[in-house]
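Shown next, in structure tokens, is the structure this report addresses.
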Amino acid sequence: MSAPAAHAPVTTARSGGSAPEPRTGRRKPKVSFRHRASAWDRRYSPYLYISPFFLLFAVVGLFPLIYTGWVATHDWDLIMGQGEFIGTENFLAVLGERAFWISLRNTLSIFILSSAPQVVAAILIAYLLDYNLRAKTFWRMGVLVPYVVTPVAVALIFSNLFGDRFGLVNSILETVGIDAIGWHSGTLPSHLAIATMVNFRWTGYNALIFLAAMQAVPRDLYEAAEIDGAGKVRQFISVTIPNLRPTIIFVIITSTIGGLQIFDEPRMFDQYGRGGTDGQWQTMTMYLYELGWTRSDFGQASAVAVLLFLLIVAIGLVNFIITRRISSSEVKR
Amino acid sequence: MRTTDHNQEDHSSSARAAAQLAPARAGGGSRRRSRLLQGVALTSVMTLALTACGGSAEGDDSSGGAAEGEDVTLSVTTFNEFGYEDLFEEYEELNDNITIEHNKIDTAENARDSLRNSLGAGQGASDIEPIEVDWLAEFQQYPDRFEDLTDPELEDRWLDWKYEDAVLEDGRLIGYGTDSGPQAVCYRADLFEEAGLPTEREEVAEFLGDSWEDYFAAGREFVAESDSAWYSGSDNIWQGMINQVEVPYQNEEGEIIADTNPEVKDLYDQLLEASVEDELSAGLAQWSGDWSDAFQRDETFATMMCPGWMLGIIEGNAAEVEGWDIANTFPGGGGNWGGSYLTVPSQGENIEEAKKLAAWLTAPEQQLKAFDVVGAFPSTTEALESEELLSSTNEFFNEAPTGEILAERADAVETQPLKGTEYLTINVAIQDAINRVDVDGIDDPDASWEKFVNDMEALR
């Protein structure tokens, strides 16, 4: 987008320089061809260089996306393939099912329980890591360790910790005198347990992203703040946070996308992978999987995929607007 | 699962790129609109990329090896415990040119999903794929995706019902029978003794009786004297009950009758009354972590519905625990739970070799070896009559003559239920209904049944 704008002055300058010089008919085509070729080069080659991504994206991203929309308007069996065109029937069928709304509720609940604490914790951890700690590389690598563990392994370990009868968490609660919690039977407890897995995995990773951004904050801002008499907390709120704004937006958008598509952790949360006997923790992607692979109805599964896509775009935008407002109001302060 | 890993890789690589960009963008506050647009673009592009990836199919690597030439690699999928590990080695020794790749899946449901996926994608299936009796009818809807295994020499190899179940309408054979699942009752003799009940196999069989009422009555007697429960969970008992109903979930026309069939509802009520009101159940969902752990606990459960293949699973979970035994009886007569077939999907590259291997694996001699290893009870007539089977004993189950007991339980099986195309889905739904009451305790039996009725409506 910015490329033509950046090149415009250059072209103007060049043509301005060559304008007074009268050209003969003989020389004109040759020079002009070279000029034109080099102008083309400057003007278009950046697009050429970035085109592989977009070509690849068109093939592996855009095409499947549009094709999903196509499948969603058809009666489509996993094995037998395409059936009749049925318009919006799949969407209506999905929207009319209780399981869809439950999965929507679960997805949003797990998303909020995981994303919100995650971002706050990640900023705080990054702030601590930004200090001159001893062995700082060790600590910085340390927070990334959970990210290296595969989600399936994390889920296996945590679903054992959160066992209803013989899990470690409940044993600890019982020794403290709190009643055992039905992590696999209650709705909110199961969401908390799954959010814990997600946070375990992603907090350190996001902390490192914040850390990178924090280190780019000019140190003289802190010095100036200190001279003005600002304490550590005040510096954090008035200097660090506003400077992290773009990174916060980025982290929130990526965790929105990841959080709304959560699949591995809830699927591995029990032995059946269906999201509980009453759909307590069945997320939208799990519901999609159930429709497509267990019930073999690819049409309805695709309808859920399209709805999920719209939901993510909508929430992404809301997120973006809110974060923008919060951080810009902080800049003014 | 591999798909989602891709997502995360995408996620992380783009995240890294953006993290590098982020500080550069940190300066200005004026170009708000363009930043909003950037944000929109970023969100939608990433969403597009990620959602698109989410839909793609998972491809298992299999069907390797060229069809021509001498060396052939055959892939075989199994689930739970088929006991084939040693047999594969034996077959490789017998056939120098054959290499076998074993793709072992944890549960039957996951094996089914994986096969569905491969059939849908037209690739990715193993050369030999297992189908369990509960979802046999479902896959018979796609006859052209499987090879016809009819072989005049093998026609009389299996029990009649085992063979006929796999015959399609047009007479083609979709699979060779592996094991069958005649059920007996496994019990903890040590817990019986503590509760002052009989412990000898014959006496226990008598004590348990041969109807569900007797079995539950015996349970009430037991729990009155013991801290342990009578059975692990209602879903285990349900499998015993439902496999005795002739036409359980779908009628001959394939219509769903599960929620209107009085027989199903009666069993449901009877079971949950015993589990909840009489407190016979330990409230553990089968195959869950808590369920596996409970085999090693002091406060546990005393009996279990035991098809042959369950013996290996109990032995695995209850290693070092002494007292397990098996009684030659079954509430409500006989019952068959589970048992599978080996099929050869048409998409494979080594169909002829795969057919040979499937035939070999299901031959009487091999069935006996699998029985020896994991208790997979044979389904071939020759193996069922063999002295080797009838004289076999199981050390873990107090040297019980398991071969003889299960052979008698097989004779007692009177009905092979009519399992329709949706059998597995419906059975899963009703097990969820049962577990909502017995395991999770979030519904009473009536409320949970209402939800099951809704599920059936959604399925119709």
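Chain identifiers are assigned as A, B, and so on, following the order in which chains appear in the structure tokens; residues are numbered from 1 within each chain, and ligands are numbered from 1 in order of appearance.
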
Can you check which residues of range 157-248 of chain A DSSP gives as alpha helix (DSSP H) on the backbone and send them as a VMD selection string?
chain A and resid 157 to 161 168 to 176 187 to 215 219 to 227 232 to 235 241 to 243 245 to 248

Which of range 289-335 of chain B end up as strand (DSSP E or B) when DSSP is run on this backbone - answer as a PDB file with C-alpha atoms, in the first residue's frame?
```
ATOM      1  CA  PHE B 301     -15.551 -52.418  42.679  1.00  0.00           C
ATOM      2  CA  ALA B 302     -16.147 -56.123  42.815  1.00  0.00           C
ATOM      3  CA  THR B 303     -17.578 -57.284  39.462  1.00  0.00           C
ATOM      4  CA  MET B 304     -17.364 -56.505  35.801  1.00  0.00           C
ATOM      5  CA  MET B 305     -18.983 -57.626  32.552  1.00  0.00           C
ATOM      6  CA  CYS B 306     -16.249 -59.608  30.902  1.00  0.00           C
ATOM      7  CA  PRO B 307     -16.037 -60.419  27.230  1.00  0.00           C
ATOM      8  CA  TRP B 324      -9.569 -61.421  40.194  1.00  0.00           C
ATOM      9  CA  ASP B 325     -11.475 -64.460  39.022  1.00  0.00           C
ATOM     10  CA  ILE B 326     -14.130 -65.236  36.437  1.00  0.00           C
ATOM     11  CA  ALA B 327     -17.531 -66.860  36.950  1.00  0.00           C
TER      12      ALA B 327
END
```

Mind checking which residues fall within 6 Å of Leu342 in chain B, counting only C-alpha atoms, ignoring those fewer than 4 positions away in the same chain, and posting them as a CSV table (one decimal) with N, CA and C atoms, in the first residue's frame?
```
chain,number,residue,atom,x,y,z
B,129,GLU,N,-7.8,-52.7,7.4
B,129,GLU,CA,-8.5,-51.9,8.4
B,129,GLU,C,-9.5,-52.7,9.2
B,130,PRO,N,-9.5,-52.5,10.6
B,130,PRO,CA,-10.5,-53.3,11.4
B,130,PRO,C,-11.8,-52.5,11.4
B,175,GLY,N,-15.6,-58.4,5.2
B,175,GLY,CA,-14.5,-58.6,6.2
B,175,GLY,C,-14.4,-60.0,6.7
B,176,TYR,N,-13.2,-60.3,7.1
B,176,TYR,CA,-13.0,-61.6,7.8
B,176,TYR,C,-13.1,-61.4,9.3
```

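The spacing separating CA of Phe452 in chain B from CA of Lys265 in chain B amounts to 11.0 Å.
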
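Residues with any atom within 6 Å of range 370-377 of chain B, counting only C-alpha atoms and excluding same-chain neighbours fewer than 2 positions away, are Gly83, Asp179, Ser180, Gly308, Trp309, Leu311, Gly312, Gln367 and Leu368 of chain B.
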